[in-house]
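Shown here: work-v9.cif, mmCIF, N, CA and C atoms.
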```
data_upload
#
loop_
_atom_site.label_atom_id
_atom_site.label_comp_id
_atom_site.auth_asym_id
_atom_site.auth_seq_id
_atom_site.Cartn_x
_atom_site.Cartn_y
_atom_site.Cartn_z
N MET P 937 2.49 -12.30 19.61
CA MET P 937 1.45 -11.30 19.71
C MET P 937 0.26 -11.75 18.85
N PRO P 938 -0.96 -11.66 19.36
CA PRO P 938 -2.12 -12.10 18.59
C PRO P 938 -2.38 -11.20 17.38
N GLY P 939 -2.92 -11.83 16.34
CA GLY P 939 -3.28 -11.07 15.15
C GLY P 939 -4.25 -11.86 14.30
N PRO P 940 -4.95 -11.19 13.37
CA PRO P 940 -5.87 -11.88 12.48
C PRO P 940 -5.13 -12.90 11.60
N ILE P 941 -5.77 -14.04 11.35
CA ILE P 941 -5.17 -15.07 10.50
C ILE P 941 -5.21 -14.62 9.04
N TYR P 942 -4.10 -14.77 8.37
CA TYR P 942 -3.96 -14.44 6.94
C TYR P 942 -4.61 -15.55 6.14
N HIS P 943 -5.35 -15.19 5.10
CA HIS P 943 -5.98 -16.20 4.24
C HIS P 943 -5.81 -15.82 2.78
N VAL P 944 -6.21 -16.73 1.89
CA VAL P 944 -6.00 -16.55 0.45
C VAL P 944 -6.66 -15.29 -0.09
N GLY P 945 -7.76 -14.86 0.48
CA GLY P 945 -8.48 -13.69 -0.02
C GLY P 945 -7.91 -12.35 0.39
N ASN P 946 -6.80 -12.33 1.11
CA ASN P 946 -6.20 -11.06 1.52
C ASN P 946 -5.69 -10.27 0.32
N VAL P 947 -5.69 -8.96 0.48
CA VAL P 947 -5.08 -8.08 -0.53
C VAL P 947 -3.71 -7.70 0.00
N THR P 948 -2.67 -8.22 -0.66
CA THR P 948 -1.29 -7.98 -0.24
C THR P 948 -0.48 -7.59 -1.46
N MET P 949 0.44 -6.63 -1.26
CA MET P 949 1.29 -6.15 -2.36
C MET P 949 2.74 -6.15 -1.94
N CYS P 950 3.63 -6.19 -2.92
CA CYS P 950 5.04 -5.98 -2.64
C CYS P 950 5.25 -4.47 -2.46
N PRO P 951 6.41 -4.03 -1.99
CA PRO P 951 6.62 -2.59 -1.77
C PRO P 951 6.54 -1.75 -3.05
N HIS P 952 6.57 -2.39 -4.22
CA HIS P 952 6.57 -1.66 -5.49
C HIS P 952 5.22 -1.74 -6.20
N GLY P 953 4.23 -2.39 -5.57
CA GLY P 953 2.88 -2.45 -6.15
C GLY P 953 2.52 -3.76 -6.81
N GLY P 954 3.38 -4.76 -6.80
CA GLY P 954 3.05 -6.06 -7.37
C GLY P 954 2.05 -6.79 -6.48
N GLN P 955 1.17 -7.58 -7.08
CA GLN P 955 0.12 -8.28 -6.35
C GLN P 955 0.62 -9.65 -5.86
N VAL P 956 0.44 -9.93 -4.56
CA VAL P 956 0.84 -11.21 -3.98
C VAL P 956 -0.34 -12.17 -4.08
N GLN P 957 -0.06 -13.38 -4.57
CA GLN P 957 -1.08 -14.43 -4.66
C GLN P 957 -0.61 -15.64 -3.88
N ASP P 958 -1.44 -16.09 -2.93
CA ASP P 958 -1.13 -17.27 -2.13
C ASP P 958 -1.62 -18.51 -2.86
N ILE P 959 -0.76 -19.51 -3.00
CA ILE P 959 -1.14 -20.80 -3.57
C ILE P 959 -1.23 -21.76 -2.39
N PRO P 960 -2.46 -22.07 -1.92
CA PRO P 960 -2.63 -22.81 -0.67
C PRO P 960 -2.24 -24.28 -0.77
N THR P 961 -1.69 -24.80 0.34
CA THR P 961 -1.38 -26.23 0.43
C THR P 961 -2.34 -26.93 1.38
N ALA P 962 -3.19 -26.19 2.06
CA ALA P 962 -4.20 -26.77 2.96
C ALA P 962 -5.56 -26.13 2.65
N PRO P 963 -6.14 -26.43 1.46
CA PRO P 963 -7.39 -25.76 1.08
C PRO P 963 -8.62 -26.22 1.85
N MET P 964 -8.47 -27.21 2.75
CA MET P 964 -9.62 -27.71 3.50
C MET P 964 -9.93 -26.84 4.72
N VAL P 965 -8.97 -26.10 5.24
CA VAL P 965 -9.18 -25.27 6.43
C VAL P 965 -9.50 -23.85 5.97
N LEU P 966 -10.71 -23.40 6.31
CA LEU P 966 -11.19 -22.11 5.80
C LEU P 966 -11.39 -21.09 6.91
N VAL P 967 -11.15 -19.84 6.57
CA VAL P 967 -11.47 -18.69 7.41
C VAL P 967 -12.17 -17.70 6.49
N ASN P 968 -13.37 -17.30 6.88
CA ASN P 968 -14.13 -16.35 6.06
C ASN P 968 -14.38 -16.91 4.65
N GLY P 969 -14.48 -18.25 4.54
CA GLY P 969 -14.75 -18.89 3.25
C GLY P 969 -13.53 -19.05 2.36
N GLU P 970 -12.35 -18.69 2.83
CA GLU P 970 -11.11 -18.77 2.06
C GLU P 970 -10.10 -19.67 2.78
N PRO P 971 -9.24 -20.39 2.03
CA PRO P 971 -8.22 -21.21 2.69
C PRO P 971 -7.25 -20.38 3.52
N VAL P 972 -6.87 -20.94 4.66
CA VAL P 972 -5.91 -20.31 5.57
C VAL P 972 -4.51 -20.41 4.96
N ALA P 973 -3.72 -19.35 5.11
CA ALA P 973 -2.33 -19.35 4.63
C ALA P 973 -1.45 -19.98 5.70
N ILE P 974 -0.62 -20.96 5.27
CA ILE P 974 0.30 -21.61 6.20
C ILE P 974 1.72 -21.54 5.65
N GLY P 975 2.67 -21.93 6.47
CA GLY P 975 4.08 -21.79 6.11
C GLY P 975 4.54 -22.54 4.88
N THR P 976 3.82 -23.59 4.46
CA THR P 976 4.24 -24.35 3.28
C THR P 976 3.62 -23.83 1.99
N ASP P 977 2.78 -22.80 2.07
CA ASP P 977 2.18 -22.20 0.86
C ASP P 977 3.23 -21.49 0.03
N GLN P 978 2.96 -21.36 -1.25
CA GLN P 978 3.78 -20.54 -2.15
C GLN P 978 3.11 -19.16 -2.24
N PHE P 979 3.87 -18.11 -2.05
CA PHE P 979 3.36 -16.75 -2.14
C PHE P 979 4.06 -16.07 -3.32
N MET P 980 3.41 -16.09 -4.48
CA MET P 980 3.99 -15.57 -5.70
C MET P 980 3.55 -14.11 -5.92
N ILE P 981 4.41 -13.34 -6.59
CA ILE P 981 4.12 -11.93 -6.85
C ILE P 981 4.09 -11.71 -8.36
N ALA P 982 3.05 -11.02 -8.82
CA ALA P 982 2.91 -10.69 -10.24
C ALA P 982 2.80 -9.19 -10.41
N GLY P 983 3.41 -8.67 -11.44
CA GLY P 983 3.26 -7.26 -11.79
C GLY P 983 4.16 -6.30 -11.05
N CYS P 984 5.26 -6.76 -10.49
CA CYS P 984 6.17 -5.83 -9.82
C CYS P 984 6.98 -5.07 -10.87
N PRO P 985 6.94 -3.74 -10.85
CA PRO P 985 7.63 -2.96 -11.87
C PRO P 985 9.04 -2.52 -11.49
N PHE P 986 9.60 -3.02 -10.38
CA PHE P 986 10.87 -2.50 -9.87
C PHE P 986 12.01 -2.67 -10.87
N MET P 987 12.81 -1.61 -11.04
CA MET P 987 13.98 -1.61 -11.92
C MET P 987 15.19 -1.14 -11.11
N LEU P 988 16.32 -1.77 -11.33
CA LEU P 988 17.56 -1.32 -10.70
C LEU P 988 18.01 -0.04 -11.39
N PRO P 989 18.50 0.95 -10.63
CA PRO P 989 18.90 2.23 -11.23
C PRO P 989 20.29 2.15 -11.88
N THR P 990 20.40 1.32 -12.89
CA THR P 990 21.66 1.21 -13.63
C THR P 990 21.46 1.86 -14.99
N THR P 991 22.50 1.89 -15.77
CA THR P 991 22.39 2.45 -17.13
C THR P 991 22.67 1.35 -18.12
N PRO P 992 21.70 0.89 -18.88
CA PRO P 992 20.26 1.18 -18.83
C PRO P 992 19.62 0.51 -17.61
N PRO P 993 18.41 0.95 -17.21
CA PRO P 993 17.73 0.33 -16.07
C PRO P 993 17.52 -1.18 -16.30
N THR P 994 17.75 -1.95 -15.23
CA THR P 994 17.65 -3.40 -15.31
C THR P 994 16.44 -3.87 -14.51
N PRO P 995 15.55 -4.68 -15.11
CA PRO P 995 14.41 -5.20 -14.35
C PRO P 995 14.90 -6.08 -13.19
N HIS P 996 14.32 -5.88 -12.02
CA HIS P 996 14.65 -6.66 -10.83
C HIS P 996 13.37 -6.81 -9.99
N PRO P 997 12.33 -7.46 -10.56
CA PRO P 997 11.03 -7.51 -9.89
C PRO P 997 11.00 -8.46 -8.70
N CYS P 998 10.08 -8.20 -7.80
CA CYS P 998 9.79 -9.14 -6.72
C CYS P 998 9.03 -10.31 -7.35
N ILE P 999 9.37 -11.55 -6.96
CA ILE P 999 8.66 -12.70 -7.52
C ILE P 999 8.01 -13.59 -6.46
N ARG P 1000 8.45 -13.48 -5.20
CA ARG P 1000 7.84 -14.31 -4.17
C ARG P 1000 8.02 -13.67 -2.80
N VAL P 1001 7.22 -14.13 -1.85
CA VAL P 1001 7.32 -13.68 -0.46
C VAL P 1001 7.82 -14.84 0.37
N GLN P 1002 8.83 -14.59 1.18
CA GLN P 1002 9.33 -15.57 2.14
C GLN P 1002 8.92 -15.08 3.52
N TRP P 1003 7.97 -15.77 4.15
CA TRP P 1003 7.52 -15.38 5.49
C TRP P 1003 8.51 -15.90 6.51
N LEU P 1004 8.89 -15.06 7.46
CA LEU P 1004 9.92 -15.40 8.43
C LEU P 1004 9.35 -15.70 9.82
N VAL P 1005 8.28 -15.03 10.20
CA VAL P 1005 7.72 -15.19 11.55
C VAL P 1005 6.23 -15.54 11.44
N PRO P 1006 5.88 -16.84 11.53
CA PRO P 1006 4.47 -17.24 11.50
C PRO P 1006 3.88 -17.19 12.91
N ALA P 1007 2.66 -17.70 13.06
CA ALA P 1007 2.03 -17.82 14.38
C ALA P 1007 2.84 -18.81 15.22
N LEU P 1008 2.84 -18.62 16.52
CA LEU P 1008 3.59 -19.51 17.40
C LEU P 1008 2.78 -20.69 17.89
N ARG P 1009 1.48 -20.50 18.09
CA ARG P 1009 0.67 -21.55 18.71
C ARG P 1009 -0.31 -22.23 17.77
N VAL P 1010 -0.85 -21.54 16.80
CA VAL P 1010 -1.89 -22.10 15.95
C VAL P 1010 -1.26 -22.72 14.72
N LYS P 1011 -1.62 -24.00 14.47
CA LYS P 1011 -1.06 -24.74 13.35
C LYS P 1011 -2.17 -25.44 12.58
N VAL P 1012 -1.92 -25.67 11.30
CA VAL P 1012 -2.81 -26.45 10.44
C VAL P 1012 -1.97 -27.58 9.89
N PHE P 1013 -2.37 -28.81 10.17
CA PHE P 1013 -1.61 -30.00 9.77
C PHE P 1013 -0.17 -29.94 10.26
N GLY P 1014 0.04 -29.36 11.45
CA GLY P 1014 1.37 -29.27 12.04
C GLY P 1014 2.23 -28.14 11.53
N VAL P 1015 1.69 -27.30 10.64
CA VAL P 1015 2.44 -26.17 10.07
C VAL P 1015 1.84 -24.87 10.60
N PRO P 1016 2.66 -23.93 11.10
CA PRO P 1016 2.13 -22.66 11.63
C PRO P 1016 1.37 -21.86 10.56
N VAL P 1017 0.29 -21.21 11.01
CA VAL P 1017 -0.47 -20.33 10.11
C VAL P 1017 0.24 -18.98 10.03
N MET P 1018 -0.07 -18.23 8.99
CA MET P 1018 0.44 -16.88 8.84
C MET P 1018 -0.58 -15.91 9.44
N LEU P 1019 -0.07 -14.86 10.04
CA LEU P 1019 -0.92 -13.82 10.61
C LEU P 1019 -0.79 -12.55 9.79
N MET P 1020 -1.75 -11.65 9.95
CA MET P 1020 -1.69 -10.37 9.22
C MET P 1020 -0.41 -9.61 9.53
N ASP P 1021 0.08 -9.74 10.77
CA ASP P 1021 1.29 -9.02 11.14
C ASP P 1021 2.54 -9.91 11.14
N SER P 1022 2.48 -11.06 10.45
CA SER P 1022 3.67 -11.91 10.31
C SER P 1022 4.74 -11.16 9.52
N VAL P 1023 5.98 -11.39 9.86
CA VAL P 1023 7.10 -10.72 9.20
C VAL P 1023 7.51 -11.53 7.97
N GLY P 1024 7.67 -10.85 6.85
CA GLY P 1024 8.09 -11.50 5.62
C GLY P 1024 8.94 -10.59 4.77
N LEU P 1025 9.57 -11.17 3.76
CA LEU P 1025 10.38 -10.41 2.80
C LEU P 1025 9.99 -10.77 1.38
N CYS P 1026 9.85 -9.76 0.54
CA CYS P 1026 9.67 -9.99 -0.88
C CYS P 1026 11.05 -10.23 -1.47
N GLN P 1027 11.14 -11.19 -2.39
CA GLN P 1027 12.44 -11.54 -2.96
C GLN P 1027 12.42 -11.47 -4.48
N ALA P 1028 13.57 -11.10 -5.03
CA ALA P 1028 13.78 -11.07 -6.47
C ALA P 1028 14.20 -12.46 -6.94
N PRO P 1029 14.31 -12.70 -8.25
CA PRO P 1029 14.73 -14.01 -8.74
C PRO P 1029 16.09 -14.47 -8.22
N ASP P 1030 16.98 -13.53 -7.88
CA ASP P 1030 18.30 -13.90 -7.35
C ASP P 1030 18.30 -13.99 -5.82
N GLN P 1031 17.11 -14.07 -5.19
CA GLN P 1031 16.90 -14.20 -3.75
C GLN P 1031 17.26 -12.95 -2.95
N MET P 1032 17.52 -11.84 -3.61
CA MET P 1032 17.81 -10.59 -2.90
C MET P 1032 16.52 -10.06 -2.27
N PRO P 1033 16.58 -9.64 -1.00
CA PRO P 1033 15.39 -9.07 -0.36
C PRO P 1033 15.05 -7.72 -0.96
N GLN P 1034 13.76 -7.47 -1.16
CA GLN P 1034 13.30 -6.24 -1.80
C GLN P 1034 12.45 -5.39 -0.86
N GLY P 1035 12.15 -5.89 0.34
CA GLY P 1035 11.32 -5.15 1.28
C GLY P 1035 10.20 -6.02 1.80
N ALA P 1036 9.45 -5.50 2.74
CA ALA P 1036 8.36 -6.24 3.38
C ALA P 1036 7.08 -6.14 2.57
N PRO P 1037 6.29 -7.23 2.54
CA PRO P 1037 4.98 -7.16 1.88
C PRO P 1037 4.03 -6.27 2.68
N ILE P 1038 3.07 -5.69 1.98
CA ILE P 1038 2.10 -4.80 2.60
C ILE P 1038 0.73 -5.47 2.56
N VAL P 1039 0.21 -5.82 3.73
CA VAL P 1039 -1.12 -6.43 3.84
C VAL P 1039 -2.11 -5.32 4.09
N SER P 1040 -3.05 -5.11 3.16
CA SER P 1040 -3.97 -3.99 3.31
C SER P 1040 -5.39 -4.40 3.66
N VAL P 1041 -5.83 -5.59 3.29
CA VAL P 1041 -7.18 -6.04 3.62
C VAL P 1041 -7.08 -7.44 4.20
N ASN P 1042 -7.75 -7.66 5.33
CA ASN P 1042 -7.70 -8.96 5.99
C ASN P 1042 -9.03 -9.17 6.72
N GLN P 1043 -9.33 -10.42 7.04
CA GLN P 1043 -10.53 -10.71 7.82
C GLN P 1043 -10.25 -10.34 9.28
N PRO P 1044 -11.19 -9.74 9.99
CA PRO P 1044 -10.94 -9.29 11.36
C PRO P 1044 -11.44 -10.23 12.45
N ARG P 1045 -12.07 -11.35 12.10
CA ARG P 1045 -12.77 -12.15 13.12
C ARG P 1045 -11.93 -13.21 13.80
N VAL P 1046 -11.10 -13.94 13.06
CA VAL P 1046 -10.38 -15.06 13.63
C VAL P 1046 -8.96 -14.60 14.01
N ILE P 1047 -8.68 -14.63 15.31
CA ILE P 1047 -7.41 -14.16 15.85
C ILE P 1047 -6.60 -15.35 16.34
N ALA P 1048 -5.29 -15.32 16.13
CA ALA P 1048 -4.40 -16.39 16.59
C ALA P 1048 -3.14 -15.79 17.18
N THR P 1049 -2.37 -16.62 17.87
CA THR P 1049 -1.08 -16.20 18.40
C THR P 1049 0.01 -17.14 17.94
#
```
Please express the file's structure as C-alpha cells.
Amino acid sequence: MPGPIYHVGNVTMCPHGGQVQDIPTAPMVLVNGEPVAIGTDQFMIAGCPFMLPTTPPTPHPCIRVQWLVPALRVKVFGVPVMLMDSVGLCQAPDQMPQGAPIVSVNQPRVIAT
C-alpha cells in the first residue's frame, strides 16, 4: 500500500512517550532536505519511562525500533525504504516487544509503495 516515505526529520515516539531517533546509513538520499530512512538504519529510543508493575517497580524502557514491513518496491542502495505506515515494534533491552511506534509528523509529498 502506498504511503509517505519516512525520513530522519519525522517525529516518532514509543508507546510510552520516548523519542525515536533515526541514525541514517544512507545520508546522501534526501526527502524534504532530510535523509531517507532505510532498513539498515538504527532507530534508537531515548527517554522511555516504562516500568514493569512489580514490587518494587522495575525499569523496562524501550531502547530501539525494529521495523518489520518496509516498502516493497522503492529501495535505496538495494535496501527498502521505510514508510510512514510501515509496521514496527519498539523493543526493550531484553528484546521483548513493547508496542508499535507512533509516527505523528511526516512529509506528505513523496509517496512510495
Selection dump of the PyMOL selection byres ((chain P and resi 1029-1038) around 8), as a PyMOL selection string | chain P and resi 947-952+996-1002+1023-1028+1039-1041
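For the pair CA of Thr1049 in chain P and atom C of Arg1009 in chain P, the interatomic distance is 6.1 Å.
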Explicit residue set for the PyMOL selection byres ((chain P and resi 1020) around 5), as a ChimeraX atom specification = /P:940-942,1018-1019,1021-1022
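In this structure, CA of Asn946 in chain P sits 26.7 Å away from CA of Pro995 in chain P.
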Just the residues within 6.5 Å of Val944 in chain P, please, counting all atoms listed in the file, with nothing from its chain fewer than 4 positions along; format it as JSON, numbers by chain.
-> {"P": [958, 970, 971, 972, 973]}
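Each of P:Gly954, P:Pro960, P:Gly939, P:Gly969 was checked against Gly983 in chain P using only C-alpha atoms; the smallest atom-to-atom distance is that of P:Gly954.
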One decimal, Å: what's the distance from CA of Gly953 in chain P over to CA of Phe979 in chain P, could you say?
-> 14.9 Å
With all atoms listed in the file as the basis for distance, which of P:Ala982, P:Leu988, P:Val1005, P:Ile1047 is at the shortest distance from Gln955 in chain P?
-> P:Ala982
Shortest contact to Val1010 in chain P, candidates P:Ala962, P:Val956, P:Ala1048, P:Val967, atoms counted only N, CA and C atoms, goes to P:Ala1048
Around all the atoms of range 981-995 of chain P listed in the file, with 4 Å of room on each side, what axis-aligned box do you get, giving centre and edge lengths in Å to one decimal, as JSON?
```
{"center_x": 12.7, "center_y": -5.4, "center_z": -12.7, "size_x": 27.9, "size_y": 23.8, "size_z": 20.3}
```
Among range 968-1028 of chain P, which residues carry a DSSP assignment of strand (DSSP E or B), reported as a ChimeraX atom specification?
-> /P:970-972,974,978-982,987-988,994-995,1000-1005,1011-1012,1015-1017,1019,1023-1027
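Minimum atom-to-atom distances from P:Pro1006, P:Asn1042, P:His943, P:Pro993 to Leu966 in chain P were compared using all atoms listed in the file, and the lowest value belongs to P:His943.
Each of P:Asn968, P:Gln1043, P:Thr976, P:Thr961 was compared to Pro1016 in chain P using all atoms listed in the file, and P:Thr976 turns out to be the nearest.
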